[in-house]
Amino acid sequence: MLRVSGLKVSYGAAVAVRDASFEVGQRQVTALLGANGAGKTTTMLALSGLLPVRSGTIHFEGARIENLNNERLLRLGIVQVPQGRQVFAQMSVLENLELGAFVRRDREIKADLARVFDIFPRLAERSGQMAGTLSGGEQQMLAIGRALMARPKLLLLDEPSLGLAPIVVDAVYEIIGRLVSDGLAILLAEQNVTKALSVAARSFVLENGTVIASGTSDELAATSFVQKAYLG
């Protein structure tokens, strides 16, 4: 579904991602693993059109998409759930979800809203509540639900476990499994390597903006490098 080759992204003169290559398959989770500052978020921002690509290519469903703007990528079906949730705090849960469908003009928006409420019953209970008053876990659910309202083909999940209690992380990862079972492809950027490997079909390890290892989750978990650096 997605093929990234030789990706280079920078902030001014500072190169954050250099010569990164990886692929994302359909109907599965692909993980980008690495410590804070490894280049995961920068990669996600480039894929969603929020940072320019200096060199390299990005193909989505066979077409080149590097440096298309965010709205065009959204219409193609690439939707990001940003690190830190970034919900609209002074708007209600329902208004946040409705904003997720702002580029759509079809008649299925109400049906998709009902589906989001089915996946996240807590959001249905709090539909009129201001998003900024939700707990961190509820805001993460809202951010994912808002992205689903755009009808993504590929969901970019950036650090979905960040700052959440373990029991909430487990709930979020159960939802990730459900979404993949429903046919969605997910690119997951995570520092929580144990949780990421538990759902990913294939993973790529980033260090200093470069992919230094890749393989199935079982293959990576068995390597001494991943065990020492990430699994303790």
# chains A, B, ... in the order shown; residues from 1 in each chain; ligands from 1
$ residues_around --residues "Val169 (chain A)" --least-positions-apart "4" --cutoff "8 Å" --atoms "only C-alpha atoms" --output "ChimeraX atom specification"
/A:137,160-161,164-165,173
$ residues_around --residues "Val15 (chain A)" --least-positions-apart "3" --cutoff "10 Å" --atoms "only C-alpha atoms" --output "PyMOL selection string"
chain A and resi 8-12+18+39+54+208-209
$ write_last_selection --atoms "C-alpha atoms" --output "PDB file, in the first residue's frame"
ATOM      1  CA  LYS A   8      15.242  12.555   3.677  1.00  0.00           C
ATOM      2  CA  VAL A   9      13.532  15.198   5.807  1.00  0.00           C
ATOM      3  CA  SER A  10      15.082  18.148   7.612  1.00  0.00           C
ATOM      4  CA  TYR A  11      14.314  21.137   9.787  1.00  0.00           C
ATOM      5  CA  GLY A  12      16.323  23.802   8.030  1.00  0.00           C
ATOM      6  CA  ARG A  18      18.078  10.341   6.212  1.00  0.00           C
ATOM      7  CA  GLY A  39      12.847  10.385  13.589  1.00  0.00           C
ATOM      8  CA  ARG A  54      14.046  16.904   0.649  1.00  0.00           C
ATOM      9  CA  ASN A 208      19.140   8.865  14.142  1.00  0.00           C
ATOM     10  CA  GLY A 209      16.686   9.046  11.266  1.00  0.00           C
TER      11      GLY A 209
END
$ atom_distance --atom1 "CA of Arg72 (chain A)" --atom2 "CA of Gln26 (chain A)"
20.4 Å
$ residues_around --residues "region 179-187 of chain A" --least-positions-apart "6" --cutoff "7 Å" --atoms "only C-alpha atoms" --output "CSV table (one decimal) with N, CA and C atoms, in the first residue's frame"
chain,number,residue,atom,x,y,z
A,24,VAL,N,4.5,-0.5,3.9
A,24,VAL,CA,3.4,-0.7,4.7
A,24,VAL,C,2.4,-1.6,3.9
A,25,GLY,N,2.0,-2.7,4.5
A,25,GLY,CA,1.1,-3.6,3.8
A,25,GLY,C,-0.4,-3.3,4.1
A,26,GLN,N,-1.2,-3.9,3.3
A,26,GLN,CA,-2.7,-3.7,3.5
A,26,GLN,C,-3.2,-4.5,4.6
A,27,ARG,N,-4.2,-4.0,5.3
A,27,ARG,CA,-4.9,-4.8,6.4
A,27,ARG,C,-4.0,-5.3,7.5
A,28,GLN,N,-3.0,-4.5,7.8
A,28,GLN,CA,-2.1,-5.0,8.9
A,28,GLN,C,-1.4,-3.7,9.6
A,29,VAL,N,-0.8,-4.0,10.7
A,29,VAL,CA,-0.1,-2.9,11.4
A,29,VAL,C,1.4,-3.1,11.0
A,30,THR,N,2.0,-2.0,10.6
A,30,THR,CA,3.4,-1.9,10.4
A,30,THR,C,3.9,-0.9,11.5
A,31,ALA,N,5.0,-1.2,12.2
A,31,ALA,CA,5.5,-0.3,13.3
A,31,ALA,C,6.8,0.3,12.9
A,153,LYS,N,-7.8,5.1,4.5
A,153,LYS,CA,-7.3,3.8,4.0
A,153,LYS,C,-6.1,3.4,4.8
A,154,LEU,N,-5.3,4.4,5.1
A,154,LEU,CA,-4.0,4.2,5.9
A,154,LEU,C,-4.1,5.2,7.1
A,155,LEU,N,-4.0,4.6,8.3
A,155,LEU,CA,-4.1,5.4,9.5
A,155,LEU,C,-2.7,5.5,10.1
A,156,LEU,N,-2.2,6.8,10.3
A,156,LEU,CA,-0.9,7.0,10.8
A,156,LEU,C,-1.1,7.3,12.3
A,157,LEU,N,-0.6,6.4,13.2
A,157,LEU,CA,-0.8,6.6,14.6
A,157,LEU,C,0.6,6.9,15.3
$ residues_around --residues "Thr43 (chain A)" --least-positions-apart "3" --cutoff "10 Å" --atoms "only C-alpha atoms" --output "PyMOL selection string"
chain A and resi 4+7-9+16-18+20+32+38-40+46-48+50-51+53+158+189+209
$ select_by_dssp --residues "region 56-218 of chain A" --states "alpha helix (DSSP H)" --output "VMD selection string"
chain A and resid 70 to 76 93 to 99 109 to 119 121 to 125 136 to 148 166 to 181 193 to 199 217 to 218
$ write_last_selection --atoms "C-alpha atoms" --output "compact mmCIF listing (two decimals), in the first residue's frame"
# COMPACT_ATOMS: atom_id res chain seq x y z
CA ASN A 70 -2.15 17.60 3.63
CA GLU A 71 -5.66 18.06 2.23
CA ARG A 72 -4.88 16.12 -0.95
CA LEU A 73 -3.34 13.29 1.08
CA LEU A 74 -6.37 13.29 3.34
CA ARG A 75 -8.64 12.90 0.33
CA LEU A 76 -6.46 10.02 -0.88
CA VAL A 93 -16.62 15.64 21.54
CA LEU A 94 -19.28 15.63 18.80
CA GLU A 95 -17.89 18.76 17.17
CA ASN A 96 -14.39 17.25 17.14
CA LEU A 97 -15.73 14.15 15.42
CA GLU A 98 -17.69 16.16 12.89
CA LEU A 99 -14.54 18.11 12.02
CA ILE A 109 -21.18 10.57 7.62
CA LYS A 110 -23.96 9.80 10.11
CA ALA A 111 -23.38 6.07 9.69
CA ASP A 112 -19.66 6.54 10.31
CA LEU A 113 -20.40 8.61 13.41
CA ALA A 114 -22.55 5.78 14.71
CA ARG A 115 -19.68 3.36 14.02
CA VAL A 116 -17.24 5.55 15.98
CA PHE A 117 -19.66 5.61 18.90
CA ASP A 118 -19.94 1.83 18.66
CA ILE A 119 -16.15 1.47 18.82
CA PRO A 121 -18.99 3.99 23.74
CA ARG A 122 -17.34 6.44 26.16
CA LEU A 123 -17.39 9.10 23.44
CA ALA A 124 -21.10 8.57 22.91
CA GLU A 125 -21.65 9.09 26.63
CA GLY A 136 -5.87 11.47 28.47
CA GLY A 137 -7.23 8.08 27.45
CA GLU A 138 -10.56 9.56 26.38
CA GLN A 139 -8.77 12.22 24.34
CA GLN A 140 -6.76 9.49 22.61
CA MET A 141 -10.01 7.71 21.76
CA LEU A 142 -11.39 10.99 20.44
CA ALA A 143 -8.32 11.62 18.30
CA ILE A 144 -8.61 8.16 16.75
CA GLY A 145 -12.36 8.55 16.30
CA ARG A 146 -11.88 11.93 14.62
CA ALA A 147 -9.41 10.34 12.20
CA LEU A 148 -11.84 7.52 11.43
CA PRO A 166 -1.05 0.78 31.35
CA ILE A 167 -4.72 -0.24 31.54
CA VAL A 168 -5.64 2.53 29.10
CA VAL A 169 -2.79 1.55 26.77
CA ASP A 170 -4.19 -1.99 26.71
CA ALA A 171 -7.61 -0.61 25.74
CA VAL A 172 -6.14 1.52 22.95
CA TYR A 173 -4.25 -1.47 21.55
CA GLU A 174 -7.41 -3.58 21.62
CA ILE A 175 -9.00 -0.92 19.42
CA ILE A 176 -6.00 -1.01 17.07
CA GLY A 177 -6.50 -4.76 16.68
CA ARG A 178 -10.20 -4.25 15.94
CA LEU A 179 -9.51 -1.62 13.28
CA VAL A 180 -7.08 -3.91 11.47
CA SER A 181 -9.60 -6.75 11.64
CA VAL A 193 8.25 -1.53 21.68
CA THR A 194 6.64 -4.39 23.59
CA LYS A 195 3.11 -3.20 22.78
CA ALA A 196 3.97 -2.37 19.18
CA LEU A 197 5.49 -5.78 18.52
CA SER A 198 2.38 -7.40 19.98
CA VAL A 199 0.21 -6.08 17.11
CA SER A 217 7.77 -8.89 15.16
CA ASP A 218 9.02 -12.34 16.15
$ select_by_dssp --residues "region 16-187 of chain A" --states "strand (DSSP E or B)" --output "mmCIF file with C-alpha atoms, in the first residue's frame"
data_model
loop_
_atom_site.group_PDB
_atom_site.id
_atom_site.type_symbol
_atom_site.label_atom_id
_atom_site.label_comp_id
_atom_site.auth_asym_id
_atom_site.auth_seq_id
_atom_site.Cartn_x
_atom_site.Cartn_y
_atom_site.Cartn_z
ATOM 1 C CA ALA A 16 16.101 14.522 11.009
ATOM 2 C CA VAL A 17 15.458 11.588 8.659
ATOM 3 C CA ARG A 18 18.078 10.341 6.212
ATOM 4 C CA ASP A 19 17.731 7.626 3.580
ATOM 5 C CA ALA A 20 14.859 5.852 5.350
ATOM 6 C CA SER A 21 13.103 3.078 3.423
ATOM 7 C CA PHE A 22 10.175 0.902 4.490
ATOM 8 C CA GLU A 23 6.858 -0.504 3.285
ATOM 9 C CA VAL A 24 3.359 -0.730 4.735
ATOM 10 C CA VAL A 29 -0.085 -2.937 11.430
ATOM 11 C CA THR A 30 3.414 -1.857 10.446
ATOM 12 C CA ALA A 31 5.479 -0.348 13.264
ATOM 13 C CA LEU A 32 8.173 2.320 13.267
ATOM 14 C CA LEU A 33 10.147 1.710 16.448
ATOM 15 C CA SER A 55 14.708 13.739 -1.331
ATOM 16 C CA GLY A 56 13.437 10.214 -1.776
ATOM 17 C CA THR A 57 10.096 8.914 -2.978
ATOM 18 C CA ILE A 58 6.789 7.978 -1.383
ATOM 19 C CA HIS A 59 4.340 5.785 -3.298
ATOM 20 C CA PHE A 60 0.775 5.225 -2.107
ATOM 21 C CA ALA A 63 1.202 6.693 -7.230
ATOM 22 C CA ARG A 64 3.924 9.094 -6.109
ATOM 23 C CA ILE A 78 -3.919 8.997 4.506
ATOM 24 C CA VAL A 79 -4.987 10.291 7.918
ATOM 25 C CA GLN A 80 -2.783 11.005 10.911
ATOM 26 C CA VAL A 81 -3.523 10.786 14.627
ATOM 27 C CA SER A 92 -17.375 19.282 22.198
ATOM 28 C CA MET A 130 -15.826 19.776 26.030
ATOM 29 C CA LEU A 154 -4.047 4.213 5.917
ATOM 30 C CA LEU A 155 -4.067 5.449 9.514
ATOM 31 C CA LEU A 156 -0.865 7.026 10.846
ATOM 32 C CA LEU A 157 -0.775 6.562 14.629
ATOM 33 C CA ASP A 158 1.957 8.568 16.330
ATOM 34 C CA ALA A 185 -3.920 -0.471 7.364
ATOM 35 C CA ILE A 186 -2.022 1.213 10.202
ATOM 36 C CA LEU A 187 1.465 2.688 10.414
#
